Amino acid sequence: MAHDPQEALEQKKKILVIDDEEDFLKITKLNLEKTEKYRVMTLASGKDVLSVVHSFLPDVILVDLLMPELGGLEICEILNQDPVGKRVPVIVLSALNKDVDKYKAFKVGVVDYLVKPIEKNALIEKLEKALQFK
């Protein structure tokens with residue numbers, strides 16, 4: 001076990017959560033950080049996604065589909081055009097449960113899709129799976 005706090009921090013996987021619902025961001029961050037396996041950064045919109053991806057270097061990105069300004073699909077398209085962004089696995093967290101929405105998401109390269117409300121253990125399971133692919 002690492003005794004150096006900085007080293008322990010570096011061992012944690014970095015998760016970027018993009019959602020326009022503040023409560024959802026808070027709860028997701030809390031639930032993931034409680035496991036002590038993740039360092040979580042949240043964004044309330046996707047407009048700064050590239051600068052954040054370049055500075056934070058997340059291991060996985062969780063993104064909502066329905067947001068004002070930029071939706072999850074647009075964010076995925078922006079990430080796909082970026083040399084750093086396109087290497088980060090993306091998991092969609094959305095209230096949309098139609099096959100057509102899932103199809104569109106997988107078409108832009110997401111690795112997984114979870115329907116809100118999201119069960120904490122299901123989210124962690126999907127995160128671990130995405131981290132193996134990275």
# chains A, B, ... in the order shown; residues from 1 in each chain; ligands from 1

call {"tool": "select_by_dssp", "arguments": {"residues": "chain A", "states": "strand (DSSP E)", "output": "count of residues only"}}
result
25

call {"tool": "residues_around", "arguments": {"residues": "segment 43-53 of chain A", "least_positions_apart": "4", "cutoff": "6 Å", "atoms": "only C-alpha atoms", "output": "list of chain:residue names"}}
result
A:Ile18, A:Asp19, A:Asp20, A:Leu57, A:Leu70

call {"tool": "write_last_selection", "arguments": {"atoms": "C-alpha atoms", "output": "PDB file, in the first residue's frame"}}
result
ATOM      1  CA  ILE A  18     -20.077  15.762 -17.616  1.00  0.00           C
ATOM      2  CA  ASP A  19     -23.710  16.452 -16.741  1.00  0.00           C
ATOM      3  CA  ASP A  20     -25.835  19.577 -16.404  1.00  0.00           C
ATOM      4  CA  LEU A  57      -6.103  13.463 -18.585  1.00  0.00           C
ATOM      5  CA  LEU A  70     -23.488  20.640 -26.220  1.00  0.00           C
TER       6      LEU A  70
END

call {"tool": "residues_around", "arguments": {"residues": "Pro58 of chain A", "least_positions_apart": "5", "cutoff": "8 Å", "atoms": "only C-alpha atoms", "output": "list of chain:residue names"}}
result
A:Lys13, A:Lys14, A:Ile15, A:Leu16, A:Val53, A:Val88

call {"tool": "closest_residue", "arguments": {"among": "A:Val100, A:Val17, A:Val60, A:Cys76", "to": "Leu127 of chain A", "atoms": "only C-alpha atoms"}}
result
A:Val60

call {"tool": "closest_residue", "arguments": {"among": "A:Leu93, A:Ile27, A:Leu73, A:Val84", "to": "Ala105 of chain A", "atoms": "only C-alpha atoms"}}
result
A:Leu73

call {"tool": "atom_distance", "arguments": {"atom1": "atom CA of Phe56 of chain A", "atom2": "atom CA of Glu125 of chain A"}}
result
22.4 Å

call {"tool": "atom_distance", "arguments": {"atom1": "atom CA of Lys102 of chain A", "atom2": "atom CA of Glu74 of chain A"}}
result
14.2 Å

call {"tool": "residues_around", "arguments": {"residues": "Asn31 of chain A", "least_positions_apart": "3", "cutoff": "12 Å", "atoms": "only C-alpha atoms", "output": "PyMOL selection string"}}
result
chain A and resi 24-28+34-40+118-124

call {"tool": "write_last_selection", "arguments": {"atoms": "C-alpha atoms", "output": "PDB file, in the first residue's frame"}}
result
ATOM      1  CA  PHE A  24     -26.229  14.210 -10.111  1.00  0.00           C
ATOM      2  CA  LEU A  25     -22.626  15.453 -10.379  1.00  0.00           C
ATOM      3  CA  LYS A  26     -22.301  15.749  -6.579  1.00  0.00           C
ATOM      4  CA  ILE A  27     -23.766  12.306  -5.860  1.00  0.00           C
ATOM      5  CA  THR A  28     -21.743  10.598  -8.592  1.00  0.00           C
ATOM      6  CA  LYS A  34     -15.940   6.925  -1.507  1.00  0.00           C
ATOM      7  CA  THR A  35     -14.461   3.776  -3.099  1.00  0.00           C
ATOM      8  CA  GLU A  36     -11.007   5.443  -2.837  1.00  0.00           C
ATOM      9  CA  LYS A  37     -10.235   4.086  -6.309  1.00  0.00           C
ATOM     10  CA  TYR A  38     -11.112   7.179  -8.325  1.00  0.00           C
ATOM     11  CA  ARG A  39     -10.313  10.861  -8.572  1.00  0.00           C
ATOM     12  CA  VAL A  40     -13.355  12.610  -9.982  1.00  0.00           C
ATOM     13  CA  ILE A 118     -27.903   4.779 -12.107  1.00  0.00           C
ATOM     14  CA  GLU A 119     -27.156   2.138  -9.529  1.00  0.00           C
ATOM     15  CA  LYS A 120     -23.754   2.821  -7.945  1.00  0.00           C
ATOM     16  CA  ASN A 121     -22.458  -0.751  -8.266  1.00  0.00           C
ATOM     17  CA  ALA A 122     -23.507  -0.974 -11.910  1.00  0.00           C
ATOM     18  CA  LEU A 123     -21.622   2.253 -12.606  1.00  0.00           C
ATOM     19  CA  ILE A 124     -18.467   0.997 -10.879  1.00  0.00           C
TER      20      ILE A 124
END

call {"tool": "closest_residue", "arguments": {"among": "A:Ser94, A:Gln132, A:Asn80, A:Thr42", "to": "Leu66 of chain A", "atoms": "only C-alpha atoms"}}
result
A:Ser94

call {"tool": "closest_residue", "arguments": {"among": "A:Val92, A:Lys126, A:Leu32, A:Asp59", "to": "Lys104 of chain A", "atoms": "only C-alpha atoms"}}
result
A:Val92

call {"tool": "residues_around", "arguments": {"residues": "Val90 of chain A", "least_positions_apart": "4", "cutoff": "8 Å", "atoms": "only C-alpha atoms", "output": "list in words"}}
result
Val60, Ile61, Leu62, Val63, Cys76, Gly109, Val110, Val111 and Asp112 of chain A

call {"tool": "write_last_selection", "arguments": {"atoms": "C-alpha atoms", "output": "short mmCIF file (atom, residue, chain, number, x, y, z; two decimals), in the first residue's frame"}}
result
data_model
loop_
_atom_site.label_atom_id
_atom_site.label_comp_id
_atom_site.auth_asym_id
_atom_site.auth_seq_id
_atom_site.Cartn_x
_atom_site.Cartn_y
_atom_site.Cartn_z
CA VAL A 60 -12.72 7.41 -18.43
CA ILE A 61 -15.33 10.05 -19.29
CA LEU A 62 -18.96 9.75 -18.14
CA VAL A 63 -21.30 11.95 -20.16
CA CYS A 76 -18.12 12.49 -28.30
CA GLY A 109 -17.74 5.36 -30.19
CA VAL A 110 -19.00 5.14 -26.61
CA VAL A 111 -17.91 1.96 -24.84
CA ASP A 112 -20.99 1.63 -22.63
#

call {"tool": "atom_distance", "arguments": {"atom1": "atom CA of Leu114 of chain A", "atom2": "atom CA of His54 of chain A"}}
result
25.2 Å

call {"tool": "select_by_dssp", "arguments": {"residues": "segment 53-91 of chain A", "states": "helix (DSSP H, G or I)", "output": "VMD selection string"}}
result
chain A and resid 53 to 56 72 to 80 85 to 87

call {"tool": "write_last_selection", "arguments": {"atoms": "N, CA and C atoms", "output": "mmCIF file, in the first residue's frame"}}
result
data_model
loop_
_atom_site.group_PDB
_atom_site.id
_atom_site.type_symbol
_atom_site.label_atom_id
_atom_site.label_comp_id
_atom_site.auth_asym_id
_atom_site.auth_seq_id
_atom_site.Cartn_x
_atom_site.Cartn_y
_atom_site.Cartn_z
ATOM 1 N N VAL A 53 -9.849 17.783 -20.696
ATOM 2 C CA VAL A 53 -9.284 16.475 -21.047
ATOM 3 C C VAL A 53 -7.758 16.575 -21.155
ATOM 4 N N HIS A 54 -7.266 17.672 -21.722
ATOM 5 C CA HIS A 54 -5.821 17.853 -21.882
ATOM 6 C C HIS A 54 -5.109 18.126 -20.558
ATOM 7 N N SER A 55 -5.785 18.810 -19.615
ATOM 8 C CA SER A 55 -5.126 19.113 -18.340
ATOM 9 C C SER A 55 -5.327 18.002 -17.312
ATOM 10 N N PHE A 56 -6.524 17.431 -17.242
ATOM 11 C CA PHE A 56 -6.849 16.410 -16.230
ATOM 12 C C PHE A 56 -6.435 15.005 -16.684
ATOM 13 N N GLY A 72 -24.228 15.066 -25.236
ATOM 14 C CA GLY A 72 -23.231 14.001 -25.152
ATOM 15 C C GLY A 72 -22.699 13.535 -26.494
ATOM 16 N N LEU A 73 -23.578 13.439 -27.491
ATOM 17 C CA LEU A 73 -23.122 12.980 -28.811
ATOM 18 C C LEU A 73 -22.158 13.983 -29.430
ATOM 19 N N GLU A 74 -22.468 15.270 -29.289
ATOM 20 C CA GLU A 74 -21.575 16.314 -29.817
ATOM 21 C C GLU A 74 -20.226 16.281 -29.094
ATOM 22 N N ILE A 75 -20.281 16.057 -27.788
ATOM 23 C CA ILE A 75 -19.046 15.962 -27.007
ATOM 24 C C ILE A 75 -18.197 14.792 -27.504
ATOM 25 N N CYS A 76 -18.846 13.652 -27.774
ATOM 26 C CA CYS A 76 -18.117 12.488 -28.299
ATOM 27 C C CYS A 76 -17.474 12.813 -29.642
ATOM 28 N N GLU A 77 -18.206 13.538 -30.487
ATOM 29 C CA GLU A 77 -17.661 13.902 -31.795
ATOM 30 C C GLU A 77 -16.452 14.827 -31.644
ATOM 31 N N ILE A 78 -16.520 15.763 -30.708
ATOM 32 C CA ILE A 78 -15.388 16.662 -30.435
ATOM 33 C C ILE A 78 -14.186 15.835 -29.953
ATOM 34 N N LEU A 79 -14.444 14.910 -29.028
ATOM 35 C CA LEU A 79 -13.370 14.060 -28.494
ATOM 36 C C LEU A 79 -12.745 13.206 -29.593
ATOM 37 N N ASN A 80 -13.581 12.698 -30.500
ATOM 38 C CA ASN A 80 -13.092 11.837 -31.579
ATOM 39 C C ASN A 80 -12.142 12.566 -32.523
ATOM 40 N N GLY A 85 -8.304 13.160 -26.718
ATOM 41 C CA GLY A 85 -9.690 12.815 -26.422
ATOM 42 C C GLY A 85 -10.142 11.491 -27.001
ATOM 43 N N LYS A 86 -9.672 11.176 -28.207
ATOM 44 C CA LYS A 86 -10.167 9.950 -28.848
ATOM 45 C C LYS A 86 -9.651 8.673 -28.184
ATOM 46 N N ARG A 87 -8.638 8.806 -27.308
ATOM 47 C CA ARG A 87 -8.113 7.620 -26.622
ATOM 48 C C ARG A 87 -8.828 7.336 -25.295
#
